[in-house]
>>> print(open('input22.txt').read())   # compact mmCIF, C-alpha atoms
# COMPACT_ATOMS: atom_id res chain seq x y z
CA MET A 1 11.70 -17.02 14.63
CA ILE A 2 11.59 -13.23 14.84
CA ALA A 3 11.96 -10.78 11.95
CA LEU A 4 12.51 -7.03 11.92
CA GLY A 5 11.18 -5.11 8.93
CA ILE A 6 11.90 -1.56 7.81
CA GLU A 7 9.46 0.14 5.44
CA GLY A 8 10.22 3.44 3.76
CA THR A 9 9.05 3.53 0.15
CA ALA A 10 7.37 6.95 0.35
CA HIS A 11 6.11 9.32 3.05
CA THR A 12 5.94 6.77 5.91
CA LEU A 13 8.80 5.25 7.87
CA GLY A 14 7.70 2.07 9.62
CA ILE A 15 9.52 -0.50 11.71
CA GLY A 16 7.83 -3.79 12.54
CA ILE A 17 8.80 -6.87 14.51
CA VAL A 18 6.89 -10.12 13.97
CA THR A 19 6.90 -13.85 14.49
CA GLU A 20 5.19 -16.26 12.10
CA ASP A 21 1.81 -15.61 13.68
CA LYS A 22 2.01 -12.43 15.72
CA VAL A 23 2.89 -8.75 15.39
CA LEU A 24 5.15 -7.86 18.32
CA ALA A 25 5.60 -4.21 17.34
CA ASN A 26 4.53 -1.97 14.48
CA VAL A 27 5.57 1.66 14.87
CA MET A 28 5.52 4.33 12.18
CA ASP A 29 5.66 8.03 11.46
CA THR A 30 4.28 9.80 8.39
CA LEU A 31 5.48 13.05 6.88
CA THR A 32 2.50 15.35 6.31
CA THR A 33 2.03 18.87 4.93
CA GLU A 34 -0.60 21.58 5.34
CA ARG A 35 -0.45 22.45 1.65
CA GLY A 36 1.13 20.79 -1.39
CA GLY A 37 2.54 17.30 -1.72
CA ILE A 38 5.57 15.37 -0.51
CA HIS A 39 9.10 15.99 -1.84
CA PRO A 40 11.25 12.81 -2.02
CA LYS A 41 14.26 14.56 -0.45
CA GLU A 42 12.19 15.81 2.48
CA ALA A 43 10.71 12.35 3.00
CA ALA A 44 14.19 10.78 2.98
CA GLU A 45 15.41 13.31 5.53
CA HIS A 46 12.35 12.51 7.66
CA HIS A 47 13.19 8.78 7.56
CA ALA A 48 16.87 9.31 8.38
CA LYS A 49 16.04 11.58 11.30
CA LEU A 50 13.54 9.15 12.88
CA MET A 51 15.19 5.79 12.08
CA LYS A 52 17.07 5.36 15.36
CA PHE A 53 14.15 6.60 17.45
CA LEU A 54 11.58 4.29 15.83
CA LEU A 55 13.92 1.30 15.98
CA LYS A 56 14.41 1.82 19.70
CA ARG A 57 10.65 2.21 20.19
CA ALA A 58 9.87 -0.97 18.24
CA LEU A 59 12.35 -3.04 20.26
CA GLN A 60 10.93 -1.67 23.51
CA GLU A 61 7.37 -2.41 22.40
CA ALA A 62 8.33 -5.96 21.40
CA GLU A 63 10.27 -6.36 24.65
CA ILE A 64 13.31 -7.82 22.91
CA SER A 65 16.83 -6.71 21.98
CA ILE A 66 18.33 -6.50 18.51
CA GLU A 67 20.31 -9.67 19.26
CA ASP A 68 17.00 -11.61 19.45
CA ILE A 69 16.21 -10.83 15.80
CA ASP A 70 16.70 -13.74 13.37
CA VAL A 71 16.41 -11.86 10.07
CA ILE A 72 16.28 -8.24 8.93
CA ALA A 73 13.98 -7.31 6.04
CA PHE A 74 13.60 -4.01 4.21
CA SER A 75 11.43 -2.54 1.47
CA GLN A 76 13.57 -2.87 -1.66
CA GLY A 77 11.03 -1.20 -3.95
CA PRO A 78 9.07 0.09 -5.72
CA GLY A 79 9.17 3.59 -4.30
CA LEU A 80 10.97 6.91 -4.09
CA GLY A 81 14.71 6.46 -4.59
CA PRO A 82 15.96 8.70 -1.75
CA CYS A 83 13.60 7.05 0.74
CA LEU A 84 14.47 3.52 -0.36
CA ARG A 85 18.18 4.22 -0.04
CA VAL A 86 17.81 5.46 3.55
CA VAL A 87 15.96 2.27 4.50
CA ALA A 88 18.36 -0.06 2.67
CA THR A 89 21.37 1.62 4.26
CA ALA A 90 19.89 1.21 7.74
CA ALA A 91 19.04 -2.45 7.10
CA ARG A 92 22.56 -3.18 5.78
CA ALA A 93 24.17 -1.44 8.76
CA LEU A 94 22.14 -3.53 11.21
CA ALA A 95 22.77 -6.77 9.31
CA ILE A 96 26.53 -6.17 9.21
CA ARG A 97 26.81 -4.82 12.76
CA TYR A 98 24.87 -7.69 14.35
CA ASN A 99 25.75 -10.41 11.81
CA LYS A 100 22.13 -11.03 10.77
CA PRO A 101 20.78 -12.31 7.44
CA ILE A 102 19.11 -9.67 5.28
CA VAL A 103 16.20 -9.92 2.82
CA GLY A 104 14.88 -7.35 0.35
CA VAL A 105 11.08 -7.36 0.06
CA ASN A 106 8.78 -6.20 -2.72
CA HIS A 107 6.52 -3.60 -1.12
CA CYS A 108 3.42 -4.51 -3.17
CA ILE A 109 3.65 -8.23 -2.42
CA ALA A 110 4.08 -7.49 1.29
CA HIS A 111 0.74 -5.68 1.36
CA VAL A 112 -1.03 -8.88 0.24
CA GLU A 113 1.15 -11.35 2.15
CA ILE A 114 0.40 -9.83 5.56
CA THR A 115 -3.25 -10.89 5.18
CA LYS A 116 -2.11 -14.51 5.48
CA MET A 117 -1.32 -13.90 9.13
CA PHE A 118 -5.11 -13.75 9.54
CA GLY A 119 -5.90 -17.05 7.83
CA ILE A 120 -6.26 -15.82 4.25
CA LYS A 121 -4.94 -18.52 1.92
CA ASP A 122 -4.95 -17.54 -1.75
CA PRO A 123 -6.67 -14.22 -2.44
CA VAL A 124 -7.23 -11.78 -5.23
CA GLY A 125 -5.74 -8.61 -3.80
CA LEU A 126 -6.88 -5.09 -4.62
CA TYR A 127 -3.88 -2.98 -3.66
CA VAL A 128 -4.71 0.72 -3.60
CA SER A 129 -2.23 3.34 -2.43
CA GLY A 130 -0.68 6.61 -3.51
CA GLY A 131 1.80 5.32 -6.04
CA ASN A 132 0.28 1.93 -6.79
CA THR A 133 -3.06 0.56 -7.92
CA GLN A 134 -3.01 -3.12 -8.82
CA VAL A 135 -5.20 -6.21 -8.84
CA LEU A 136 -2.91 -9.09 -7.85
CA ALA A 137 -3.20 -12.85 -7.54
CA LEU A 138 -0.73 -15.70 -7.20
CA GLU A 139 -0.60 -17.81 -10.37
CA GLY A 140 2.24 -20.02 -11.60
CA GLY A 141 4.64 -19.15 -8.79
CA ARG A 142 4.42 -15.37 -9.16
CA TYR A 143 2.07 -12.61 -8.18
CA ARG A 144 0.48 -11.72 -11.50
CA VAL A 145 -0.85 -8.24 -12.16
CA PHE A 146 -4.34 -8.80 -13.57
CA GLY A 147 -5.04 -5.09 -13.79
CA GLU A 148 -3.34 -1.85 -12.86
CA THR A 149 -3.40 1.88 -13.34
CA LEU A 150 -2.01 3.12 -16.63
CA ASP A 151 -1.16 6.56 -15.23
CA ILE A 152 -1.48 7.49 -11.56
CA GLY A 153 -2.44 5.48 -8.48
CA ILE A 154 -5.87 6.09 -6.97
CA GLY A 155 -4.26 7.46 -3.81
CA ASN A 156 -2.25 10.01 -5.78
CA ALA A 157 -5.39 10.92 -7.74
CA LEU A 158 -7.26 11.60 -4.50
CA ASP A 159 -4.31 13.51 -3.01
CA THR A 160 -3.84 15.61 -6.15
CA PHE A 161 -7.53 16.43 -6.26
CA ALA A 162 -7.38 17.45 -2.59
CA ARG A 163 -4.34 19.60 -3.29
CA GLU A 164 -6.23 21.40 -6.06
CA LEU A 165 -8.95 22.07 -3.49
CA GLY A 166 -6.35 23.45 -1.07
CA LEU A 167 -6.84 20.65 1.47
CA GLY A 168 -3.19 19.58 2.03
CA PHE A 169 -1.70 16.09 2.34
CA PRO A 170 -2.85 13.37 2.79
CA GLY A 171 -6.00 14.25 0.93
CA GLY A 172 -7.88 10.96 0.72
CA PRO A 173 -9.54 11.16 4.15
CA LYS A 174 -10.59 14.77 3.48
CA ILE A 175 -12.14 13.87 0.13
CA GLU A 176 -14.00 11.01 1.82
CA LYS A 177 -15.52 13.40 4.38
CA LEU A 178 -16.64 15.77 1.65
CA ALA A 179 -18.08 12.88 -0.39
CA GLN A 180 -20.23 11.77 2.55
CA LYS A 181 -22.08 15.09 2.24
CA GLY A 182 -22.56 14.80 -1.52
CA GLU A 183 -26.15 14.53 -2.75
CA LYS A 184 -25.94 14.59 -6.55
CA TYR A 185 -23.88 12.44 -8.93
CA ILE A 186 -22.07 14.46 -11.58
CA GLU A 187 -20.97 12.52 -14.65
CA LEU A 188 -17.19 12.13 -14.86
CA PRO A 189 -14.91 10.11 -17.20
CA TYR A 190 -15.00 6.37 -16.43
CA ALA A 191 -11.90 4.68 -17.85
CA VAL A 192 -11.54 0.90 -17.71
CA LYS A 193 -9.35 -0.33 -20.56
CA GLY A 194 -9.49 -4.09 -20.69
CA MET A 195 -8.35 -5.00 -17.19
CA ASP A 196 -6.47 -1.74 -16.62
CA LEU A 197 -7.57 1.59 -15.21
CA SER A 198 -6.90 5.25 -15.87
CA PHE A 199 -7.56 8.07 -13.42
CA SER A 200 -5.93 11.08 -15.11
CA GLY A 201 -8.99 12.00 -17.18
CA LEU A 202 -11.24 11.67 -14.15
CA LEU A 203 -8.91 13.91 -12.13
CA THR A 204 -8.64 16.55 -14.86
CA GLU A 205 -12.39 16.78 -15.34
CA ALA A 206 -13.13 16.85 -11.60
CA VAL A 207 -10.68 19.75 -11.15
CA ARG A 208 -12.19 21.54 -14.17
CA LYS A 209 -15.69 21.22 -12.73
CA PHE A 210 -14.50 22.49 -9.35
CA LYS A 211 -12.80 25.53 -10.87
CA SER A 212 -15.90 26.33 -12.92
CA GLY A 213 -17.72 27.19 -9.70
CA ARG A 214 -20.94 25.64 -11.00
CA TYR A 215 -20.97 22.58 -8.79
CA LYS A 216 -20.96 21.91 -5.06
CA ILE A 217 -17.58 20.66 -3.87
CA GLU A 218 -19.28 17.86 -1.93
CA ASP A 219 -21.02 16.61 -5.08
CA ILE A 220 -17.78 16.61 -7.04
CA ALA A 221 -15.99 14.67 -4.27
CA TYR A 222 -18.86 12.18 -4.11
CA SER A 223 -18.87 11.72 -7.88
CA PHE A 224 -15.08 11.35 -7.98
CA GLN A 225 -15.17 8.53 -5.44
CA GLU A 226 -18.16 6.74 -6.97
CA THR A 227 -16.60 6.77 -10.45
CA ALA A 228 -13.09 5.70 -9.41
CA PHE A 229 -14.25 3.02 -6.99
CA ALA A 230 -16.73 1.53 -9.44
CA ALA A 231 -13.85 1.02 -11.87
CA LEU A 232 -11.73 -0.62 -9.15
CA VAL A 233 -14.52 -2.98 -8.19
CA GLU A 234 -15.23 -3.88 -11.83
CA VAL A 235 -11.64 -4.92 -12.50
CA THR A 236 -11.41 -6.82 -9.21
CA GLU A 237 -14.60 -8.74 -10.02
CA ARG A 238 -13.22 -9.69 -13.42
CA ALA A 239 -10.05 -11.03 -11.78
CA VAL A 240 -12.14 -13.09 -9.35
CA ALA A 241 -14.15 -14.53 -12.24
CA HIS A 242 -10.98 -15.34 -14.20
CA THR A 243 -8.98 -16.91 -11.37
CA GLU A 244 -11.97 -18.53 -9.62
CA LYS A 245 -10.37 -17.67 -6.29
CA GLU A 246 -12.60 -17.55 -3.23
CA GLU A 247 -11.05 -14.67 -1.29
CA VAL A 248 -10.68 -10.94 -1.96
CA VAL A 249 -8.48 -8.71 0.18
CA LEU A 250 -8.31 -4.93 0.16
CA VAL A 251 -4.91 -3.49 1.12
CA GLY A 252 -2.98 -0.23 0.88
CA GLY A 253 -3.63 3.18 2.38
CA VAL A 254 -6.86 3.77 0.43
CA ALA A 255 -8.27 0.62 2.07
CA ALA A 256 -9.26 2.93 4.94
CA ASN A 257 -12.01 4.41 2.74
CA ASN A 258 -15.37 3.13 3.99
CA ARG A 259 -17.17 3.64 0.68
CA LEU A 260 -14.65 1.49 -1.21
CA ARG A 261 -15.00 -1.21 1.44
CA GLU A 262 -18.78 -1.07 1.13
CA MET A 263 -18.72 -1.43 -2.66
CA LEU A 264 -16.31 -4.38 -2.52
CA LYS A 265 -18.39 -6.05 0.18
CA ILE A 266 -21.48 -5.83 -2.04
CA MET A 267 -19.58 -7.33 -4.98
CA THR A 268 -18.05 -10.21 -2.99
CA GLU A 269 -21.37 -11.06 -1.35
CA ASP A 270 -23.00 -11.20 -4.79
CA ARG A 271 -20.27 -13.59 -5.96
CA GLY A 272 -20.25 -15.66 -2.78
CA VAL A 273 -16.58 -15.11 -1.95
CA LYS A 274 -14.87 -14.02 1.26
CA PHE A 275 -13.87 -10.36 1.71
CA PHE A 276 -11.18 -9.28 4.17
CA VAL A 277 -9.50 -6.02 5.14
CA PRO A 278 -6.60 -6.15 7.63
CA PRO A 279 -6.47 -3.77 10.62
CA TYR A 280 -5.69 -0.28 9.35
CA ASP A 281 -2.12 -0.21 10.68
CA LEU A 282 -1.43 -3.26 8.48
CA CYS A 283 -3.19 -1.74 5.45
CA ARG A 284 -1.12 1.42 5.28
CA ASP A 285 2.63 1.35 4.64
CA ASN A 286 4.13 -0.42 7.66
CA GLY A 287 7.16 -2.35 8.81
CA ALA A 288 5.24 -5.40 10.06
CA MET A 289 4.23 -6.45 6.53
CA ILE A 290 7.87 -6.17 5.42
CA ALA A 291 9.04 -8.19 8.42
CA TYR A 292 6.39 -10.87 7.89
CA THR A 293 7.08 -11.30 4.17
CA GLY A 294 10.83 -11.25 4.79
CA LEU A 295 10.43 -13.97 7.40
CA LEU A 296 8.42 -16.16 5.00
CA MET A 297 11.06 -15.64 2.30
CA TYR A 298 13.95 -16.42 4.65
CA LYS A 299 12.28 -19.59 5.97
CA ALA A 300 11.82 -20.71 2.36
CA GLY A 301 15.55 -20.35 1.73
CA VAL A 302 15.69 -16.92 0.06
CA MET A 303 19.13 -15.51 0.82
CA PHE A 304 20.58 -12.09 -0.03
CA LYS A 305 24.20 -11.05 -0.13
CA ILE A 306 24.85 -7.45 0.86
CA GLU A 307 25.63 -6.63 -2.78
CA ASP A 308 22.16 -7.97 -3.73
CA THR A 309 20.38 -5.35 -1.62
CA ILE A 310 20.46 -2.54 -4.18
CA VAL A 311 17.12 -0.74 -4.21
CA ASN A 312 14.81 -0.91 -7.21
CA GLN A 313 12.50 2.09 -7.69
CA ARG A 314 10.52 0.24 -10.37
CA PHE A 315 10.44 -3.19 -8.72
CA ARG A 316 7.66 -4.99 -10.57
CA THR A 317 5.38 -7.23 -8.54
CA ASP A 318 5.59 -10.03 -11.08
CA GLU A 319 9.41 -10.07 -11.06
CA VAL A 320 9.47 -11.98 -7.76
CA GLU A 321 9.53 -15.78 -7.82
CA VAL A 322 7.31 -16.84 -4.91
CA THR A 323 8.93 -19.91 -3.37
CA TRP A 324 7.39 -19.66 0.10
>>> encode(input="input22.txt", output="C-alpha cells")
Amino acid sequence: MIALGIEGTAHTLGIGIVTEDKVLANVMDTLTTERGGIHPKEAAEHHAKLMKFLLKRALQEAEISIEDIDVIAFSQGPGLGPCLRVVATAARALAIRYNKPIVGVNHCIAHVEITKMFGIKDPVGLYVSGGNTQVLALEGGRYRVFGETLDIGIGNALDTFARELGLGFPGGPKIEKLAQKGEKYIELPYAVKGMDLSFSGLLTEAVRKFKSGRYKIEDIAYSFQETAFAALVEVTERAVAHTEKEEVVLVGGVAANNRLREMLKIMTEDRGVKFFVPPYDLCRDNGAMIAYTGLLMYKAGVMFKIEDTIVNQRFRTDEVEVTW
C-alpha cells in the first residue's frame, strides 16, 4: 500500500509518499526570515503557494501518479490554525477528487511513529521542536505525556533567544554554532518541576545577561544549551526508569543539535538502553512521517469521514487511541 502525507503545522510544508517500509518521496520547503519570527498568515500563504508544486515534485520523485495512492493523510494538529487549514483543505480536495480515503494524523505522534520504520519497537520519545517539547511513551493504548514544557517549547526558546541576538529565524543552528565556541559556564535558571520543564525563566535570564554586556555571547549560548538540555535529559531518564522501556528516540527539529544528541547518548549508554535518531529529514517537520502514521492507522481500520477532518490547533497527544 502507498500513502501520501501532507504536513503543514507551522513554518514547513512537507509532502511525503511512503509504503510500509520505504520512503518513496519526502519533499519540503520552509519559510525563513532574516530577522524576527514567523507570522501564521505568512506561513499559510507560503503553504498555499507551494502546495501544487511540491505535490507534483513528490509524485515525480516517487515515480507514481496520484491514482496509485491508497490513502491520503494530513497533519490535523496541533499547530498554527491558518497553516493547518491550508493542509486540511488540500487533503480533502485530493480525497474527494480522486475518491481516496483520508486520515487525520496527530503531528506529535507521527514524529515518534516514523522511527518504527527503522526497527524501533516501543520507545520513550523525546520530542523537541519549536512549539512542542514532550517526553512520550505508549502505555495503555495511548501515547502518554510523561513530561512536557509548561510554557514554551525548547525550539521556540532557542529561536526567541536568537531573535534577541539579532540572528533571524531559525535560530537553533546559529545558537549551536555560538555555543561550540563557549568556554565558560554561566549559571542560569534550571527548572524541572516534577516531570515537567520550564524554559521561560532560562530565556529571560539569558537575554538579560546578554543585554548587560558583561558576558561573552558564546558563553551565554553555551550555558543556555547546557542548562536546557540537561533538564531534557533528566526528564527523559526518569521516564525510562519509570516505564522500563529499552529504547529512546530523539525526534523533532531540535534533534539536529549535536550537543543534545551527545548528552542523550551518554545517558542511554549509562542505562544500557538503545538510542536512535532518524535521518534529519525525518526528524524535522515532514510529510513522510504523516504518510507513514496515516498508513498504519488506515491499515488498522481507522476511517475518517470528510466532516471528521476538522483541524485541531490544540490536538493533545494523549487524545489519540492507538489501535495500530
>>> closest_residue(input="input22.txt", among="A:Phe224, A:Phe199, A:Phe161, A:Phe169", to="Lys211 in chain A", atoms="only C-alpha atoms")
A:Phe161
>>> residues_around(input="input22.txt", residues="Asn132 in chain A", least_positions_apart="5", cutoff="9 Å", atoms="only C-alpha atoms", output="PyMOL selection string")
chain A and resi 108+127+148-149+152-156+252
>>> atom_distance(input="input22.txt", atom1="CA of Val27 in chain A", atom2="CA of Lys174 in chain A")
23.7 Å
>>> atom_distance(input="input22.txt", atom1="CA of Glu113 in chain A", atom2="CA of Gly171 in chain A")
26.6 Å
>>> closest_residue(input="input22.txt", among="A:Lys209, A:Lys52, A:His11, A:His46", to="Ala91 in chain A", atoms="only C-alpha atoms")
A:Lys52
>>> closest_residue(input="input22.txt", among="A:Leu197, A:Val86, A:Ile186, A:Val235", to="Glu42 in chain A", atoms="all atoms listed in the file")
A:Val86
